[in-house]
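Q: Provided below: input.cif, containing mmCIF, C-alpha atoms, pLDDT in the B column; chains and numbers go by the auth columns.
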data_query
loop_
_atom_site.group_PDB
_atom_site.id
_atom_site.type_symbol
_atom_site.label_atom_id
_atom_site.label_comp_id
_atom_site.label_asym_id
_atom_site.label_seq_id
_atom_site.Cartn_x
_atom_site.Cartn_y
_atom_site.Cartn_z
_atom_site.B_iso_or_equiv
_atom_site.auth_seq_id
_atom_site.auth_asym_id
ATOM 1 C CA MET A 1 -12.645 -30.466 40.075 85.00 1 O
ATOM 2 C CA LYS A 2 -11.090 -33.897 40.228 91.00 2 O
ATOM 3 C CA PHE A 3 -10.695 -36.273 43.139 92.00 3 O
ATOM 4 C CA LEU A 4 -7.174 -35.861 44.563 92.00 4 O
ATOM 5 C CA GLY A 5 -6.972 -38.385 47.382 93.00 5 O
ATOM 6 C CA ASN A 6 -7.288 -38.677 51.149 94.00 6 O
ATOM 7 C CA SER A 7 -5.579 -36.538 53.754 94.00 7 O
ATOM 8 C CA LEU A 8 -3.138 -38.345 56.027 94.00 8 O
ATOM 9 C CA HIS A 9 -1.706 -35.870 58.544 93.00 9 O
ATOM 10 C CA ILE A 10 -0.147 -32.449 59.037 93.00 10 O
ATOM 11 C CA ALA A 11 3.655 -32.561 59.022 92.00 11 O
ATOM 12 C CA ASN A 12 5.906 -30.633 61.398 92.00 12 O
ATOM 13 C CA SER A 13 6.496 -28.102 58.619 91.00 13 O
ATOM 14 C CA GLY A 14 2.771 -27.244 58.709 91.00 14 O
ATOM 15 C CA LYS A 15 1.992 -28.816 55.332 94.00 15 O
ATOM 16 C CA LEU A 16 -0.829 -31.282 54.836 94.00 16 O
ATOM 17 C CA ILE A 17 0.275 -34.681 53.502 96.00 17 O
ATOM 18 C CA ALA A 18 -2.163 -36.630 51.334 95.00 18 O
ATOM 19 C CA ARG A 19 -2.072 -39.897 49.376 95.00 19 O
ATOM 20 C CA SER A 20 -3.336 -40.000 45.809 93.00 20 O
ATOM 21 C CA SER A 21 -3.925 -42.486 43.016 89.00 21 O
ATOM 22 C CA GLN A 22 -2.659 -40.119 40.315 89.00 22 O
ATOM 23 C CA THR A 23 -0.028 -37.427 39.998 89.00 23 O
ATOM 24 C CA PRO A 24 -1.553 -33.925 40.181 88.00 24 O
ATOM 25 C CA SER A 25 0.048 -30.874 38.649 85.00 25 O
ATOM 26 C CA SER A 26 1.887 -28.498 40.970 86.00 26 O
ATOM 27 C CA GLY A 27 0.083 -25.326 41.885 89.00 27 O
ATOM 28 C CA GLY A 28 -3.412 -26.809 41.779 91.00 28 O
ATOM 29 C CA ILE A 29 -5.906 -25.468 44.320 93.00 29 O
ATOM 30 C CA VAL A 30 -6.975 -28.103 46.874 94.00 30 O
ATOM 31 C CA PHE A 31 -10.527 -28.254 48.269 94.00 31 O
ATOM 32 C CA ASP A 32 -11.958 -30.324 51.112 92.00 32 O
ATOM 33 C CA SER A 33 -15.179 -32.347 50.915 90.00 33 O
ATOM 34 C CA ASN A 34 -17.230 -29.211 51.745 90.00 34 O
ATOM 35 C CA LYS A 35 -15.692 -27.394 48.750 91.00 35 O
ATOM 36 C CA ASN A 36 -13.679 -25.013 50.934 91.00 36 O
ATOM 37 C CA LYS A 37 -10.300 -23.906 49.589 93.00 37 O
ATOM 38 C CA ILE A 38 -7.628 -25.233 51.927 94.00 38 O
ATOM 39 C CA GLY A 39 -4.333 -24.958 50.053 94.00 39 O
ATOM 40 C CA LYS A 40 -2.132 -25.478 47.012 94.00 40 O
ATOM 41 C CA VAL A 41 -0.224 -28.525 45.776 94.00 41 O
ATOM 42 C CA SER A 42 3.410 -27.732 46.481 93.00 42 O
ATOM 43 C CA TYR A 43 5.318 -30.989 46.086 91.00 43 O
ATOM 44 C CA VAL A 44 4.664 -34.526 44.829 93.00 44 O
ATOM 45 C CA PHE A 45 6.915 -37.348 46.038 94.00 45 O
ATOM 46 C CA GLY A 46 7.042 -41.090 46.485 93.00 46 O
ATOM 47 C CA PRO A 47 6.035 -43.911 44.137 92.00 47 O
ATOM 48 C CA THR A 48 4.482 -42.967 40.809 88.00 48 O
ATOM 49 C CA LYS A 49 1.424 -45.209 41.156 90.00 49 O
ATOM 50 C CA GLN A 50 0.340 -43.817 44.538 93.00 50 O
ATOM 51 C CA PRO A 51 2.305 -40.615 45.237 95.00 51 O
ATOM 52 C CA TYR A 52 2.263 -38.534 48.382 96.00 52 O
ATOM 53 C CA ILE A 53 1.276 -34.903 47.977 95.00 53 O
ATOM 54 C CA SER A 54 2.492 -32.027 50.098 96.00 54 O
ATOM 55 C CA ILE A 55 -0.116 -29.265 50.323 95.00 55 O
ATOM 56 C CA ARG A 56 0.755 -25.760 51.505 95.00 56 O
ATOM 57 C CA LEU A 57 -2.249 -24.651 53.573 94.00 57 O
ATOM 58 C CA PHE A 58 -3.812 -21.219 53.199 94.00 58 O
ATOM 59 C CA LYS A 59 -3.922 -18.971 56.261 92.00 59 O
ATOM 60 C CA SER A 60 -7.713 -19.046 56.072 89.00 60 O
ATOM 61 C CA ALA A 61 -7.807 -22.861 56.354 87.00 61 O
ATOM 62 C CA ASP A 62 -9.128 -24.283 59.628 87.00 62 O
ATOM 63 C CA VAL A 63 -6.140 -26.382 60.748 88.00 63 O
ATOM 64 C CA ASP A 64 -7.916 -27.857 63.800 90.00 64 O
ATOM 65 C CA ARG A 65 -10.767 -29.120 61.613 90.00 65 O
ATOM 66 C CA ILE A 66 -8.296 -30.643 59.149 89.00 66 O
ATOM 67 C CA LYS A 67 -6.463 -32.417 61.999 89.00 67 O
ATOM 68 C CA ARG A 68 -9.722 -33.872 63.327 90.00 68 O
ATOM 69 C CA ASN A 69 -10.841 -35.094 59.896 88.00 69 O
ATOM 70 C CA CYS A 70 -7.797 -37.099 58.810 88.00 70 O
ATOM 71 C CA GLY A 71 -8.757 -39.415 55.982 90.00 71 O
ATOM 72 C CA GLU A 72 -11.085 -36.808 54.479 92.00 72 O
ATOM 73 C CA LYS A 73 -11.492 -36.765 50.689 94.00 73 O
ATOM 74 C CA LEU A 74 -9.678 -33.944 48.922 94.00 74 O
ATOM 75 C CA PHE A 75 -10.267 -32.479 45.484 94.00 75 O
ATOM 76 C CA VAL A 76 -8.060 -30.455 43.161 93.00 76 O
ATOM 77 C CA SER A 77 -8.699 -27.971 40.388 90.00 77 O
ATOM 78 C CA LYS A 78 -6.355 -27.314 37.513 77.00 78 O
ATOM 79 C CA PRO A 79 -3.905 -24.471 38.105 70.00 79 O
ATOM 80 C CA LYS A 80 -4.489 -21.311 36.133 69.00 80 O
ATOM 81 C CA SER A 81 -2.294 -21.291 33.077 64.00 81 O
ATOM 82 C CA LYS A 82 0.190 -18.487 32.861 63.00 82 O
ATOM 83 C CA LYS A 83 0.100 -16.477 29.699 60.00 83 O
ATOM 84 C CA HIS A 84 3.332 -16.684 27.813 57.00 84 O
ATOM 85 C CA ASN A 85 4.613 -13.377 26.585 57.00 85 O
ATOM 86 C CA LYS A 86 5.476 -13.969 23.000 60.00 86 O
ATOM 87 C CA ARG A 87 8.005 -11.447 21.908 63.00 87 O
ATOM 88 C CA ARG A 88 7.862 -10.516 18.303 65.00 88 O
ATOM 89 C CA MET A 89 11.174 -10.861 16.593 66.00 89 O
ATOM 90 C CA LYS A 90 12.157 -8.895 13.548 68.00 90 O
ATOM 91 C CA PRO A 91 12.696 -11.143 10.548 70.00 91 O
ATOM 92 C CA ARG A 92 16.284 -11.588 9.495 72.00 92 O
ATOM 93 C CA GLN A 93 17.335 -9.581 6.530 74.00 93 O
ATOM 94 C CA LYS A 94 19.045 -11.316 3.675 71.00 94 O
ATOM 95 C CA LYS A 95 22.553 -10.137 2.887 66.00 95 O
#
Could you quickly redo this structure as structure tokens?
A:
Amino acid sequence: MKFLGNSLHIANSGKLIARSSQTPSSGGIVFDSNKNKIGKVSYVFGPTKQPYISIRLFKSADVDRIKRNCGEKLFVSKPKSKKHNKRRMKPRQKK
């Protein structure tokens, strides 16, 4: 797990907005300071040096606790890599 940034507020869309010092990869799982899963990184926007991160909250996340603890440290884990299905191609035949 890597340090993601600090939470700022919950937007009208229901997503948590955070400020970071680096650009995380989309789809990473976000944890709070107590190591509880709270959501996934859905969108990164703003300046490249200190981007804003939009986090889609899980249904199991305690929204009231997140609202009370604005400024809380957040952490992110790397998203699980998807296996690429490599299709085997038949070699071309010489004419």
Q: Between O:Met1, O:Ile38, O:Val76, O:Ile55, which one has atoms that come closest to O:Leu16, using all atoms listed in the file?
A: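 Ranking O:Met1, O:Ile38, O:Val76, O:Ile55 by distance to O:Leu16, first place goes to O:Ile55.
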Q: Could you tell me which of O:Pro91, O:Gly39, O:Gly28, O:Gly71 comes closest to O:Lys2 if we count all atoms listed in the file?
A: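 Of O:Pro91, O:Gly39, O:Gly28, O:Gly71, the one nearest O:Lys2 is O:Gly28, counting all atoms listed in the file.
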Q: Quick one: residues within 8 Å of O:Gly27, only C-alpha atoms, excluding same-chain residues fewer than 5 positions away - as a VMD selection string?
A: chain O and resid 40 to 42 79
Q: Around the point (0.9, -24.4, 57.9), in the coordinates given by the file, pick out the residues reaching within 6 Å, counting only C-alpha atoms, and return them as a PDB file with C-alpha atoms, in the frame of the given file.
A:
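Once written, selection23.pdb looks like this:
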ATOM      1  CA  GLY O  14       2.771 -27.244  58.709  1.00 91.00           C
ATOM      2  CA  LYS O  15       1.992 -28.816  55.332  1.00 94.00           C
ATOM      3  CA  LEU O  57      -2.249 -24.651  53.573  1.00 94.00           C
TER       4      LEU O  57
END
Q: With distances taken over all atoms listed in the file, which of O:Ser54, O:Ser60, O:Ser77, O:Thr48 is nearest to O:His9?
A: O:Ser54
Q: Step by step, work through what the PyMOL selection byres ((chain O and resi 8) around 10) selects in the shown file, and finish by giving those residues as a list in words.
A: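 Going through the file, the PyMOL selection byres ((chain O and resi 8) around 10) ends up selecting Gly5, Asn6, Ser7, His9, Ile10, Ala11, Leu16, Ile17, Ala18, Arg19, Tyr52, Ile53, Ile66, Lys67, Asn69, Cys70, Gly71 and Glu72 of chain O.
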Q: Which one is closest to O:Leu74: O:Arg92, O:Lys49, O:Lys35, O:Arg56? Count only C-alpha atoms.
A: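 Ranking O:Arg92, O:Lys49, O:Lys35, O:Arg56 by distance to O:Leu74, first place goes to O:Lys35.
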Q: Using the chain letters and numbers from this file, what does the PyMOL selection byres ((chain O and resi 21) around 6) select? Give the answer as an MDAnalysis selection string.
A: chainID O and resid 20 22 50
Q: Atom CA of O:Tyr43 and atom CA of O:Ser13, how far apart in Å?
A: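 Result for atom CA of O:Ser13 versus atom CA of O:Tyr43: 12.9 Å, one decimal.
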